[in-house]
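Quick notes on the structure that follows.
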Amino acid sequence: MGKNLYITTAIPYANAKPHIGNALDYLLADIWSRYQKQNGHAVRFQVGTDEHGNKIAAKAAELGVEPKAYTDQMYGNFQSLMNKVGAEYTDFVRTTDEHHVAAVQWIWQKLQPYIYKGTYEGWYCVGHEAFFTDKEVEATSGVCPDHQKPYERVSEENYYLRASAFTDKVREAITHNRMQIVPEFRKNEFLDLIKDGLKDVSISRPRKHLSWGVPVPNDPDQVVYVWLDALANYITVLGYPDQEGWREFWPADVQVIGKDILRFHAGIWPPMLLGLELSLPKKLLVHGFVNVGNAKMSKSVGNVVDPNEVIDQYGLDAFRYFFARHIPTQDDGDFTWEKFENAYNTELGNDLGNVVQRVASMISRYQAGVIGDAPQTEHDMKPYRDAMYALTFDIALDEVWVMVRGLNQYLETVKPWVIAKTKDTDADAASHLSEVLAQSVGTLLQIADLLVPFLPDTANKIHKIFETGIIADQQGVLFPKIHQHTPDPRTKKEA
RNA sequence: CGCGGGGUGGAGCAGCCCGGUAGCUCGGAUGGCUCAUAACCAUCAGGUCGCAGGUUCAAAUCCUGCCCCCGCAACCA
C-alpha cells in the first residue's frame, strides 16, 4: 500500500450559485484522487464552503435571516454539485463549523509572534461599507458611483501578519519547487510579483466594518479577516490542531485553485504555515477559466453555462470527458455547445463507444460470446503516466485516444470478419480469430483502466462487458448520438 | 521601454531549446470495407510557418527591428 495522500480544492464563497469554475475544481481534484486510489494510495480529498464576510451578512440581511441560517440553505448547492460531478470527496468543511472557528482562533494565538497591530488607511465608502483602491477612486473622480457620495479618507486599526519575515523562505520554496506552482508560467508570474518581497497582510477588521466572522481572541473589537479564516480550512478540516490524524495527511500533495486566487495561496498561506511551523503544500495546481465562445462567462452577458444542464443532457462521463480533455488542465479553455456535442459524438461515440461495440459484436457473432484468454497487452503507458504526474490531464486523455485509434487500425489490418468466413472449415483460422479478438479485448480492458480516473462509469461498463470471459448483455450502446446543437448527418443527406 | 506567453493550411494545436522531408486532431474531397453508433480504415486536399532584414551551403527553427493578440500587474471562479 502506498502512503497517505491529500488533495484540496478552493472553498467557494457561499453567496451565489455554484458555477462551472467550481465544478472544474472538483473535477480536477477528483481525477487526481481516483488515479492515486487506483494506484493503491489512501487519499483524503477536501472540499467545503467559505461562509463568513460582509457579502454573506448583507445577503442574509436582505432576506431577513441570520447569516448562519442563510449559509445553511446555500452550502447544499455546492455539495450537490460535487456529488453531481462525481467527486468522491472525503471531507466537507464549512468555515462556520464549530471546530473550524475554534481552530482559527487557536491558529491566531499560535501566530502571535508574527502578528502586530497597525493602522490601515484608505478610501472608504459608507454605502458599501468597504475600502476602495486608489485606482478605483481616481477612476470615479472620488465619488462612489453607486451611492453618489464622496469616498472618505478613513484609517482603522488592523492586525497584520508579518508575511514579509518569510519572504526568503517562500521564495526559496517556490523557486526550487519544494512548493511547486504548476504550471511553470504561473510560478514565474508569482515570483515576479514578489520580487520586492512579500507584503505584510491585514488579517483583521474592526467589528463595526465586519460583523460576520471569527472573533479575534482577546479583542472584542476585531474580527478575523476572511482570507486567514478561509485558508485555514485546509488544515482545520483534517482536525488540526487538536484532533488525531492530521499529521498523516499534511502537507497536502496537491492544492487545486483557480488562477485568480494564486496570490493568496502562494503569498499568505505559506507564511501562515511557516508561522505555525508546518510544512508547505507540495504542489499548487493552478487552472484557468472556462470561456464560452471565447468570451468571458458572465451573468450580465447571459452566456453562463450551468454544469448541471450539461450533465443532465449528456451524462456525467461526457461532462467529465470534455472538461478534462478539451479544457486544458493548466490554462483557459473554451466551451460551446457545438464543440461539446462534436467531441461527444465523434470521440466518445465514434471512437470509443463504437470500437467497444464492434469488438463485442464480433465475439458474440463469431464465437457465441466466448472471449477466450485475453492476454496482457503491452502498450507503452509511459506517456500517459508522465502526463498524469505532470498534472496535464488533457494530455493523458490524448494518449488514451491514441490507443483507441490504434485498436481501430489494428482491426482494419487483421480483418477478423474475413477470417471468420473460413473458420468453419479451417481450424487454424478459428484459433487465429479467437486470438485476434482476445487481443482486442485485452486492449479495451487496458483502455478502461486508463479511463478509471476520468470516466469511472464508462470504465466500469467496459469491464462489465468483457471481464467474465463471456460477453455480457449490453444495455444499449455506450454513447448514443445526440444532435441538439449540431446537424444530424442522417438527415443532411436528403437536402 | 513593467514582467511573461503567443502569432504555422477552414478551426484548434505540435514542431522552435539540439537549424536541413511542415506534423496532429476536427472539418472538406475521394476511395476501401461491412464486424460496428450512416460507423471504421486509407489517400488527398498543396499553408508567403505575423512583417522586414541578418547569419548560414541551408531557418518555422538562431540574431536584430517592427506590427498584432493574450495573460499577470487591480480581493473578477
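Lettering and numbering for the C-alpha cells are positional, with chains as A, B, ... in the shown order, residues counted from 1 in each chain, and ligands counted from 1 in the shown order.
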Counting only C-alpha atoms (C1' of nucleotides), which residues of chain A sit at most 8 Å from some atom of chain B, and what is each one's closest atom pair with its distance in Å to one decimal, listed by chain and rising residue number, as a Markdown table?
```
| residue | atom | partner | partner_atom | distance |
| --- | --- | --- | --- | --- |
| A:His19 | CA | B:A77 | C1' | 7.6 |
| A:Ile20 | CA | B:A77 | C1' | 7.8 |
| A:Gly21 | CA | B:A77 | C1' | 4.6 |
| A:Asn22 | CA | B:A77 | C1' | 6.3 |
| A:Phe185 | CA | B:G4 | C1' | 7.4 |
| A:Asn188 | CA | B:G4 | C1' | 7.9 |
| A:Glu189 | CA | B:C72 | C1' | 6.1 |
| A:Asp192 | CA | B:C3 | C1' | 6.7 |
| A:Leu193 | CA | B:A73 | C1' | 7.6 |
| A:Gly258 | CA | B:A77 | C1' | 6.3 |
| A:Asp260 | CA | B:A77 | C1' | 7.4 |
| A:Phe289 | CA | B:A77 | C1' | 7.0 |
| A:Gly349 | CA | B:U37 | C1' | 6.4 |
| A:Asn350 | CA | B:A39 | C1' | 6.3 |
| A:Gly353 | CA | B:U37 | C1' | 7.3 |
| A:Asn354 | CA | B:U37 | C1' | 5.8 |
| A:Val355 | CA | B:A36 | C1' | 6.9 |
| A:Gln357 | CA | B:A36 | C1' | 5.9 |
| A:Arg358 | CA | B:A36 | C1' | 4.1 |
| A:Val359 | CA | B:C35 | C1' | 7.3 |
| A:Ser361 | CA | B:C35 | C1' | 6.8 |
| A:Met362 | CA | B:C35 | C1' | 5.4 |
| A:Asn408 | CA | B:C40 | C1' | 6.8 |
| A:Gln409 | CA | B:C41 | C1' | 6.6 |
| A:Glu412 | CA | B:C41 | C1' | 5.9 |
| A:Pro416 | CA | B:C35 | C1' | 7.4 |
| A:Trp417 | CA | B:C35 | C1' | 5.7 |
| A:Val477 | CA | B:U37 | C1' | 6.9 |
| A:Phe479 | CA | B:U37 | C1' | 7.6 |
| A:Pro480 | CA | B:U37 | C1' | 6.1 |
| A:Lys481 | CA | B:U37 | C1' | 6.8 |
| A:Pro489 | CA | B:A38 | C1' | 7.2 |
| A:Arg490 | CA | B:A38 | C1' | 6.1 |
```
Keeping only N, CA and C atoms, write the selected residues to a file as a tab-separated table (two decimals), in the first residue's frame.
```tsv
chain	number	residue	atom	x	y	z
A	19	HIS	N	-20.88	27.49	-10.01
A	19	HIS	CA	-20.77	27.61	-11.46
A	19	HIS	C	-19.71	26.66	-11.98
A	20	ILE	N	-19.44	26.80	-13.25
A	20	ILE	CA	-18.57	25.84	-13.92
A	20	ILE	C	-17.15	25.85	-13.36
A	21	GLY	N	-16.70	26.99	-12.85
A	21	GLY	CA	-15.36	27.07	-12.27
A	21	GLY	C	-15.23	26.20	-11.04
A	22	ASN	N	-16.27	26.20	-10.22
A	22	ASN	CA	-16.25	25.33	-9.05
A	22	ASN	C	-16.21	23.88	-9.49
A	185	PHE	N	4.51	28.84	-15.86
A	185	PHE	CA	4.36	30.27	-16.11
A	185	PHE	C	3.65	30.98	-14.96
A	188	ASN	N	6.41	31.63	-12.44
A	188	ASN	CA	7.21	32.80	-12.82
A	188	ASN	C	6.46	34.10	-12.58
A	189	GLU	N	5.17	34.08	-12.88
A	189	GLU	CA	4.35	35.26	-12.63
A	189	GLU	C	4.40	35.64	-11.16
A	192	ASP	N	7.74	36.95	-9.92
A	192	ASP	CA	7.91	38.33	-10.35
A	192	ASP	C	7.11	39.28	-9.46
A	193	LEU	N	5.92	38.83	-9.12
A	193	LEU	CA	5.05	39.65	-8.28
A	193	LEU	C	5.68	39.95	-6.93
A	258	GLY	N	-7.99	28.17	-8.69
A	258	GLY	CA	-8.13	28.94	-9.93
A	258	GLY	C	-7.06	30.00	-9.99
A	260	ASP	N	-7.14	33.07	-10.31
A	260	ASP	CA	-7.42	34.33	-9.62
A	260	ASP	C	-7.01	34.33	-8.16
A	289	PHE	N	-9.62	29.69	-16.58
A	289	PHE	CA	-11.06	29.93	-16.61
A	289	PHE	C	-11.67	29.27	-17.84
A	349	GLY	N	-18.50	8.70	-29.02
A	349	GLY	CA	-19.38	7.81	-29.77
A	349	GLY	C	-18.63	7.04	-30.85
A	350	ASN	N	-18.13	7.75	-31.84
A	350	ASN	CA	-17.50	7.09	-32.99
A	350	ASN	C	-16.22	6.35	-32.63
A	353	GLY	N	-16.97	4.45	-28.06
A	353	GLY	CA	-18.19	3.66	-27.96
A	353	GLY	C	-18.28	2.65	-29.09
A	354	ASN	N	-17.97	3.10	-30.28
A	354	ASN	CA	-18.11	2.23	-31.44
A	354	ASN	C	-17.12	1.07	-31.43
A	355	VAL	N	-15.90	1.32	-30.99
A	355	VAL	CA	-14.92	0.24	-31.02
A	355	VAL	C	-15.26	-0.82	-29.97
A	357	GLN	N	-18.27	-1.54	-29.14
A	357	GLN	CA	-19.40	-2.22	-29.77
A	357	GLN	C	-18.96	-3.22	-30.83
A	358	ARG	N	-18.00	-2.81	-31.65
A	358	ARG	CA	-17.64	-3.70	-32.76
A	358	ARG	C	-16.90	-4.93	-32.27
A	359	VAL	N	-16.08	-4.79	-31.25
A	359	VAL	CA	-15.38	-5.96	-30.72
A	359	VAL	C	-16.36	-6.90	-30.04
A	361	SER	N	-19.49	-7.17	-30.54
A	361	SER	CA	-20.39	-7.73	-31.53
A	361	SER	C	-19.75	-8.89	-32.29
A	362	MET	N	-18.48	-8.75	-32.62
A	362	MET	CA	-17.81	-9.82	-33.36
A	362	MET	C	-17.68	-11.08	-32.51
A	408	ASN	N	-8.71	0.48	-33.57
A	408	ASN	CA	-9.47	0.51	-34.82
A	408	ASN	C	-8.57	0.17	-36.02
A	409	GLN	N	-7.37	0.69	-35.99
A	409	GLN	CA	-6.43	0.42	-37.09
A	409	GLN	C	-6.00	-1.04	-37.09
A	412	GLU	N	-8.64	-3.12	-38.59
A	412	GLU	CA	-8.68	-2.93	-40.03
A	412	GLU	C	-7.57	-3.72	-40.73
A	416	PRO	N	-10.86	-9.32	-38.82
A	416	PRO	CA	-11.45	-10.52	-38.20
A	416	PRO	C	-12.66	-11.03	-38.98
A	417	TRP	N	-13.42	-10.14	-39.59
A	417	TRP	CA	-14.62	-10.55	-40.33
A	417	TRP	C	-14.27	-11.38	-41.55
A	477	VAL	N	-25.89	1.05	-26.52
A	477	VAL	CA	-24.51	1.42	-26.84
A	477	VAL	C	-23.99	2.42	-25.81
A	479	PHE	N	-22.25	5.51	-26.03
A	479	PHE	CA	-22.56	6.93	-26.14
A	479	PHE	C	-23.44	7.19	-27.37
A	480	PRO	N	-24.73	6.99	-27.21
A	480	PRO	CA	-25.63	7.17	-28.35
A	480	PRO	C	-25.58	8.61	-28.88
A	481	LYS	N	-25.72	8.74	-30.17
A	481	LYS	CA	-25.61	10.05	-30.81
A	481	LYS	C	-26.65	11.03	-30.28
A	489	PRO	N	-26.16	14.04	-39.44
A	489	PRO	CA	-25.74	13.59	-40.77
A	489	PRO	C	-26.79	12.71	-41.45
A	490	ARG	N	-27.63	12.09	-40.68
A	490	ARG	CA	-28.62	11.19	-41.26
A	490	ARG	C	-29.72	11.95	-41.99
```
Subject >> Residues within 12 Å of Val137 in chain A, only C-alpha atoms (C1' of nucleotides), excluding chain neighbours under 4 positions, as a VMD selection string >> reply: chain A and resid 122 to 125 131 to 133 141 to 145 149 to 153
Okay, now the selection with all heavy atoms, as a tab-separated table (two decimals), in the first residue's frame?
```tsv
chain	number	residue	atom	x	y	z
A	122	GLY	N	-7.26	54.24	4.01
A	122	GLY	CA	-7.70	54.13	2.62
A	122	GLY	C	-9.00	54.86	2.38
A	122	GLY	O	-9.55	55.52	3.27
A	123	TRP	N	-9.47	54.73	1.16
A	123	TRP	CA	-10.72	55.39	0.77
A	123	TRP	C	-11.87	54.48	1.10
A	123	TRP	O	-11.94	53.35	0.62
A	123	TRP	CB	-10.70	55.72	-0.72
A	123	TRP	CG	-9.62	56.68	-1.08
A	123	TRP	CD1	-8.44	56.40	-1.68
A	123	TRP	CD2	-9.63	58.08	-0.84
A	123	TRP	NE1	-7.69	57.54	-1.84
A	123	TRP	CE2	-8.41	58.60	-1.32
A	123	TRP	CE3	-10.55	58.98	-0.25
A	123	TRP	CZ2	-8.07	59.95	-1.25
A	123	TRP	CZ3	-10.21	60.32	-0.18
A	123	TRP	CH2	-8.98	60.80	-0.67
A	124	TYR	N	-12.80	55.01	1.87
A	124	TYR	CA	-13.89	54.19	2.38
A	124	TYR	C	-15.22	54.75	1.89
A	124	TYR	O	-15.44	55.96	1.88
A	124	TYR	CB	-13.86	54.22	3.91
A	124	TYR	CG	-14.81	53.26	4.58
A	124	TYR	CD1	-14.49	51.91	4.68
A	124	TYR	CD2	-16.02	53.71	5.11
A	124	TYR	CE1	-15.35	51.02	5.30
A	124	TYR	CE2	-16.89	52.83	5.73
A	124	TYR	CZ	-16.55	51.48	5.83
A	124	TYR	OH	-17.41	50.60	6.45
A	125	CYS	N	-16.09	53.84	1.46
A	125	CYS	CA	-17.44	54.26	1.10
A	125	CYS	C	-18.41	53.73	2.15
A	125	CYS	O	-18.48	52.53	2.39
A	125	CYS	CB	-17.84	53.72	-0.27
A	125	CYS	SG	-19.61	53.98	-0.61
A	131	PHE	N	-13.55	49.39	1.63
A	131	PHE	CA	-12.50	50.26	1.13
A	131	PHE	C	-12.34	50.08	-0.37
A	131	PHE	O	-12.64	49.02	-0.93
A	131	PHE	CB	-11.17	49.94	1.82
A	131	PHE	CG	-11.08	50.50	3.20
A	131	PHE	CD1	-11.45	49.73	4.31
A	131	PHE	CD2	-10.64	51.80	3.40
A	131	PHE	CE1	-11.38	50.26	5.59
A	131	PHE	CE2	-10.56	52.33	4.69
A	131	PHE	CZ	-10.93	51.56	5.78
A	132	PHE	N	-11.86	51.13	-1.02
A	132	PHE	CA	-11.61	51.06	-2.45
A	132	PHE	C	-10.17	51.47	-2.74
A	132	PHE	O	-9.57	52.24	-2.00
A	132	PHE	CB	-12.60	51.95	-3.22
A	132	PHE	CG	-13.98	51.39	-3.22
A	132	PHE	CD1	-14.83	51.58	-2.13
A	132	PHE	CD2	-14.43	50.62	-4.28
A	132	PHE	CE1	-16.10	51.03	-2.11
A	132	PHE	CE2	-15.70	50.08	-4.27
A	132	PHE	CZ	-16.54	50.29	-3.19
A	133	THR	N	-9.65	50.93	-3.82
A	133	THR	CA	-8.26	51.21	-4.15
A	133	THR	C	-8.13	52.62	-4.73
A	133	THR	O	-9.10	53.20	-5.20
A	133	THR	CB	-7.73	50.23	-5.19
A	133	THR	OG1	-8.50	50.39	-6.39
A	133	THR	CG2	-7.85	48.79	-4.71
A	141	SER	N	-13.44	59.76	-9.99
A	141	SER	CA	-13.27	61.15	-9.54
A	141	SER	C	-13.62	61.33	-8.06
A	141	SER	O	-14.14	62.36	-7.65
A	141	SER	CB	-14.14	62.11	-10.37
A	141	SER	OG	-13.92	61.89	-11.73
A	142	GLY	N	-13.38	60.29	-7.29
A	142	GLY	CA	-13.55	60.42	-5.86
A	142	GLY	C	-14.98	60.29	-5.36
A	142	GLY	O	-15.24	60.49	-4.19
A	143	VAL	N	-15.89	59.97	-6.27
A	143	VAL	CA	-17.28	59.83	-5.85
A	143	VAL	C	-17.78	58.43	-6.15
A	143	VAL	O	-17.68	57.95	-7.27
A	143	VAL	CB	-18.19	60.86	-6.57
A	143	VAL	CG1	-19.64	60.69	-6.12
A	143	VAL	CG2	-17.70	62.27	-6.30
A	144	CYS	N	-18.33	57.78	-5.16
A	144	CYS	CA	-18.84	56.43	-5.37
A	144	CYS	C	-20.03	56.47	-6.33
A	144	CYS	O	-21.04	57.12	-6.06
A	144	CYS	CB	-19.28	55.82	-4.05
A	144	CYS	SG	-20.06	54.21	-4.28
A	145	PRO	N	-19.93	55.78	-7.45
A	145	PRO	CA	-21.00	55.84	-8.46
A	145	PRO	C	-22.30	55.20	-7.96
A	145	PRO	O	-23.37	55.57	-8.39
A	145	PRO	CB	-20.42	55.06	-9.64
A	145	PRO	CG	-19.34	54.22	-9.05
A	145	PRO	CD	-18.83	54.91	-7.84
A	149	LYS	N	-21.83	59.40	-3.27
A	149	LYS	CA	-21.19	60.07	-2.14
A	149	LYS	C	-19.68	60.01	-2.32
A	149	LYS	O	-19.17	59.02	-2.85
A	149	LYS	CB	-21.53	59.35	-0.82
A	149	LYS	CG	-22.92	59.64	-0.30
A	149	LYS	CD	-23.10	58.94	1.03
A	149	LYS	CE	-24.53	59.08	1.54
A	149	LYS	NZ	-24.77	58.19	2.68
A	150	PRO	N	-19.01	61.06	-1.89
A	150	PRO	CA	-17.55	61.02	-1.99
A	150	PRO	C	-16.95	59.98	-1.04
A	150	PRO	O	-17.49	59.73	0.04
A	150	PRO	CB	-17.12	62.44	-1.56
A	150	PRO	CG	-18.30	63.04	-0.91
A	150	PRO	CD	-19.52	62.31	-1.35
A	151	TYR	N	-15.87	59.34	-1.51
A	151	TYR	CA	-15.16	58.41	-0.63
A	151	TYR	C	-14.54	59.21	0.51
A	151	TYR	O	-14.10	60.33	0.32
A	151	TYR	CB	-14.05	57.69	-1.39
A	151	TYR	CG	-14.56	56.81	-2.51
A	151	TYR	CD1	-14.48	57.22	-3.83
A	151	TYR	CD2	-15.12	55.57	-2.23
A	151	TYR	CE1	-14.94	56.42	-4.86
A	151	TYR	CE2	-15.58	54.75	-3.25
A	151	TYR	CZ	-15.49	55.17	-4.57
A	151	TYR	OH	-15.94	54.38	-5.57
A	152	GLU	N	-14.50	58.59	1.67
A	152	GLU	CA	-13.88	59.25	2.82
A	152	GLU	C	-12.52	58.65	3.09
A	152	GLU	O	-12.32	57.45	2.92
A	152	GLU	CB	-14.76	59.07	4.07
A	152	GLU	CG	-16.11	59.76	3.98
A	152	GLU	CD	-16.99	59.37	5.16
A	152	GLU	OE1	-16.45	59.11	6.26
A	152	GLU	OE2	-18.22	59.30	4.95
A	153	ARG	N	-11.60	59.52	3.52
A	153	ARG	CA	-10.29	59.02	3.92
A	153	ARG	C	-10.43	58.51	5.34
A	153	ARG	O	-10.66	59.29	6.26
A	153	ARG	CB	-9.25	60.15	3.84
A	153	ARG	CG	-7.81	59.67	3.86
A	153	ARG	CD	-7.48	58.90	2.61
A	153	ARG	NE	-6.12	58.34	2.68
A	153	ARG	CZ	-5.64	57.51	1.79
A	153	ARG	NH1	-6.38	57.14	0.76
A	153	ARG	NH2	-4.41	57.05	1.91
```
**OP:** DSSP on the backbone, then: every residue of range 282-441 of chain A marked alpha helix (DSSP H), written as an MDAnalysis selection string.
**Re:** chainID A and resid 307:314 316:325 337:342 354:367 382:389 393:414 416:420 427:441
I'd like the neighbourhood of A52 in chain B as a compact mmCIF listing (two decimals) with N, CA, C and O atoms (P, O5', C5', C4', C3', O3' and C1' of nucleotides), in the first residue's frame, where a residue qualifies if any of its atoms comes within 12 Å (using only C-alpha atoms (C1' of nucleotides)), though same-chain residues fewer than 6 positions away should be ignored.
```
# COMPACT_ATOMS: atom_id res chain seq x y z
P U B 64 18.40 39.34 -30.45
O5' U B 64 18.31 40.47 -31.58
C5' U B 64 19.38 41.42 -31.74
C4' U B 64 19.02 42.39 -32.82
C3' U B 64 17.62 43.01 -32.72
O3' U B 64 17.59 44.09 -31.79
C1' U B 64 18.01 42.32 -34.94
P G B 65 16.23 44.41 -31.04
O5' G B 65 15.38 45.14 -32.16
C5' G B 65 15.78 46.42 -32.66
C4' G B 65 14.93 46.79 -33.85
C3' G B 65 13.42 46.76 -33.63
O3' G B 65 12.94 47.92 -32.98
C1' G B 65 13.93 45.66 -35.65
P C B 66 11.60 47.82 -32.10
O5' C B 66 10.47 47.70 -33.21
C5' C B 66 10.26 48.76 -34.15
C4' C B 66 9.27 48.32 -35.20
C3' C B 66 7.92 47.86 -34.68
O3' C B 66 7.04 48.95 -34.41
C1' C B 66 8.70 46.31 -36.28
P C B 67 5.87 48.74 -33.34
O5' C B 67 4.83 47.86 -34.15
C5' C B 67 4.20 48.39 -35.32
C4' C B 67 3.25 47.36 -35.90
C3' C B 67 2.26 46.78 -34.90
O3' C B 67 1.14 47.62 -34.69
C1' C B 67 3.23 45.03 -36.16
```
Subject >> Distance in Å - CA of Ile327 in chain A versus CA of Phe454 in chain A >> reply: 13.5 Å
**OP:** Give me, please, the distance in Å between CA of Gln112 in chain A and CA of Leu161 in chain A, quoted to one decimal.
**Re:** 8.8 Å
Give me the residues within 7 Å of Ala87 in chain A as a PDB file with N, CA and C atoms, in the first residue's frame, counting only C-alpha atoms (C1' of nucleotides) and dropping any in the same chain fewer than 2 places off.
```pdb
ATOM      1  N   TYR A  26     -13.512  20.665  -8.598  1.00  0.00           N
ATOM      2  CA  TYR A  26     -13.862  19.347  -8.073  1.00  0.00           C
ATOM      3  C   TYR A  26     -13.447  18.245  -9.035  1.00  0.00           C
ATOM      4  N   LEU A  27     -13.646  18.514 -10.306  1.00  0.00           N
ATOM      5  CA  LEU A  27     -13.326  17.501 -11.312  1.00  0.00           C
ATOM      6  C   LEU A  27     -11.830  17.201 -11.329  1.00  0.00           C
ATOM      7  N   ASP A  30     -10.785  15.370  -8.330  1.00  0.00           N
ATOM      8  CA  ASP A  30     -11.328  14.013  -8.320  1.00  0.00           C
ATOM      9  C   ASP A  30     -10.560  13.087  -9.263  1.00  0.00           C
ATOM     10  N   MET A  82     -20.837  18.930  -6.183  1.00  0.00           N
ATOM     11  CA  MET A  82     -19.725  17.984  -6.004  1.00  0.00           C
ATOM     12  C   MET A  82     -20.190  16.570  -6.293  1.00  0.00           C
ATOM     13  N   ASN A  83     -21.332  16.235  -5.728  1.00  0.00           N
ATOM     14  CA  ASN A  83     -21.858  14.896  -5.951  1.00  0.00           C
ATOM     15  C   ASN A  83     -22.199  14.690  -7.415  1.00  0.00           C
ATOM     16  N   VAL A  85     -20.818  16.012 -10.084  1.00  0.00           N
ATOM     17  CA  VAL A  85     -19.664  15.781 -10.956  1.00  0.00           C
ATOM     18  C   VAL A  85     -18.909  14.518 -10.548  1.00  0.00           C
ATOM     19  N   TYR A  89     -15.230  13.055  -2.577  1.00  0.00           N
ATOM     20  CA  TYR A  89     -14.510  13.744  -1.510  1.00  0.00           C
ATOM     21  C   TYR A  89     -14.654  12.988  -0.200  1.00  0.00           C
TER      22      TYR A  89
END
```
Original post:
Using only C-alpha atoms (C1' of nucleotides), which of the listed residues (B:C68, B:U8, B:G50, B:A45) sits closest to U30 in chain B?
Top reply: B:A45
**OP:** List the neighbours of C63 in chain B out to 12 Å using only C-alpha atoms (C1' of nucleotides); skip same-chain residues closer than 4 positions along the sequence, and give me the result as a list in words.
**Re:**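 Contacts, with the query itself left out: G53, G54, U55, U56 and A59 of chain B.
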May I have the residues within 12 Å of Ser364 in chain A as a short mmCIF file (atom, residue, chain, number, x, y, z; two decimals) with N, CA, C and O atoms (P, O5', C5', C4', C3', O3' and C1' of nucleotides), in the first residue's frame, using only C-alpha atoms (C1' of nucleotides) and disregarding those fewer than 2 positions away in the same chain?
```cif
data_model
loop_
_atom_site.label_atom_id
_atom_site.label_comp_id
_atom_site.auth_asym_id
_atom_site.auth_seq_id
_atom_site.Cartn_x
_atom_site.Cartn_y
_atom_site.Cartn_z
N GLN A 357 -18.27 -1.54 -29.14
CA GLN A 357 -19.40 -2.22 -29.77
C GLN A 357 -18.96 -3.22 -30.83
O GLN A 357 -19.44 -4.34 -30.90
N ARG A 358 -18.00 -2.81 -31.65
CA ARG A 358 -17.64 -3.70 -32.76
C ARG A 358 -16.90 -4.93 -32.27
O ARG A 358 -17.10 -6.03 -32.79
N VAL A 359 -16.08 -4.79 -31.25
CA VAL A 359 -15.38 -5.96 -30.72
C VAL A 359 -16.36 -6.90 -30.04
O VAL A 359 -16.36 -8.12 -30.28
N ALA A 360 -17.23 -6.33 -29.23
CA ALA A 360 -18.22 -7.15 -28.52
C ALA A 360 -19.11 -7.88 -29.52
O ALA A 360 -19.41 -9.06 -29.37
N SER A 361 -19.49 -7.17 -30.54
CA SER A 361 -20.39 -7.73 -31.53
C SER A 361 -19.75 -8.89 -32.29
O SER A 361 -20.39 -9.91 -32.55
N MET A 362 -18.48 -8.75 -32.62
CA MET A 362 -17.81 -9.82 -33.36
C MET A 362 -17.68 -11.08 -32.51
O MET A 362 -17.84 -12.20 -33.01
N TYR A 366 -19.30 -14.39 -33.83
CA TYR A 366 -18.42 -15.45 -34.35
C TYR A 366 -18.13 -16.54 -33.33
O TYR A 366 -17.76 -17.64 -33.68
N GLN A 367 -18.19 -16.17 -32.03
CA GLN A 367 -17.76 -17.14 -31.03
C GLN A 367 -18.80 -17.33 -29.94
O GLN A 367 -18.46 -17.70 -28.81
N ALA A 368 -20.04 -17.02 -30.28
CA ALA A 368 -21.13 -17.19 -29.33
C ALA A 368 -20.86 -16.47 -28.01
O ALA A 368 -21.29 -16.90 -26.95
N GLY A 369 -20.08 -15.40 -28.09
CA GLY A 369 -19.85 -14.58 -26.90
C GLY A 369 -18.68 -15.02 -26.04
O GLY A 369 -18.37 -14.38 -25.04
N VAL A 370 -18.01 -16.09 -26.46
CA VAL A 370 -16.89 -16.57 -25.64
C VAL A 370 -15.60 -15.86 -26.04
O VAL A 370 -15.20 -15.87 -27.20
N ILE A 371 -14.97 -15.25 -25.06
CA ILE A 371 -13.82 -14.41 -25.37
C ILE A 371 -12.52 -15.19 -25.48
O ILE A 371 -11.69 -14.96 -26.34
N SER A 434 -9.85 -16.20 -32.71
CA SER A 434 -10.00 -16.12 -31.27
C SER A 434 -8.88 -15.30 -30.65
O SER A 434 -9.10 -14.49 -29.74
N LEU A 437 -9.35 -11.52 -31.45
CA LEU A 437 -10.41 -10.89 -30.67
C LEU A 437 -10.04 -10.78 -29.19
O LEU A 437 -10.35 -9.78 -28.54
N ILE A 465 -18.67 -5.65 -19.48
CA ILE A 465 -18.95 -6.33 -20.73
C ILE A 465 -17.98 -7.49 -20.96
O ILE A 465 -18.36 -8.56 -21.41
N PHE A 466 -16.72 -7.28 -20.62
CA PHE A 466 -15.70 -8.25 -21.03
C PHE A 466 -15.12 -9.11 -19.91
O PHE A 466 -14.50 -10.13 -20.18
N GLY A 469 -15.34 -13.17 -19.38
CA GLY A 469 -14.91 -14.14 -20.38
C GLY A 469 -16.03 -14.44 -21.36
O GLY A 469 -15.84 -15.07 -22.38
N ILE A 470 -17.20 -13.96 -21.01
CA ILE A 470 -18.34 -14.11 -21.91
C ILE A 470 -19.00 -12.74 -22.05
O ILE A 470 -19.22 -12.05 -21.04
N ILE A 471 -19.29 -12.36 -23.26
CA ILE A 471 -19.86 -11.05 -23.47
C ILE A 471 -21.18 -10.91 -22.73
O ILE A 471 -22.09 -11.71 -22.92
N ALA A 472 -21.23 -9.91 -21.89
CA ALA A 472 -22.45 -9.69 -21.14
C ALA A 472 -23.47 -8.99 -22.03
O ALA A 472 -23.12 -8.34 -23.00
N ASP A 473 -24.70 -9.14 -21.65
CA ASP A 473 -25.75 -8.41 -22.39
C ASP A 473 -25.47 -6.91 -22.29
O ASP A 473 -25.20 -6.39 -21.22
N GLN A 474 -25.55 -6.27 -23.40
CA GLN A 474 -25.28 -4.84 -23.39
C GLN A 474 -26.56 -4.05 -23.27
O GLN A 474 -27.53 -4.31 -23.98
P C B 35 -20.09 -8.18 -41.97
"O5'" C B 35 -19.78 -7.70 -40.48
"C5'" C B 35 -19.93 -8.59 -39.39
"C4'" C B 35 -19.38 -7.92 -38.17
"C3'" C B 35 -19.94 -6.53 -37.93
"O3'" C B 35 -21.19 -6.64 -37.30
"C1'" C B 35 -17.60 -6.52 -37.60
#
```
**OP:** Write down as a ChimeraX atom specification the residues belonging to range 55-169 of chain A that are assigned strand (DSSP E) by DSSP computed on the backbone.
**Re:** /A:91-94,115-125,130-132,143-144,149-150,152-161
**OP:** Find the residues near G31 in chain B: any atom within 12 Å, counting only C-alpha atoms (C1' of nucleotides), skip ones fewer than 4 places away on the same chain, and give them as a PyMOL selection string.
**Re:** chain B and resi 41-44
Subject >> Counting only C-alpha atoms, the residue of A:Ala163, A:Leu231, A:Val224, A:Val237 that sits nearest Val93 in chain A >> reply: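 Checking each candidate against Val93 in chain A, we get A:Val237 as the closest.
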Original post:
Which one is closest to Ile363 in chain A: A:Ala103, A:Val47, A:Ala130, A:Leu433? Count only C-alpha atoms.
Top reply: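 Residue with the minimum atom-to-atom distance to Ile363 in chain A: A:Leu433.
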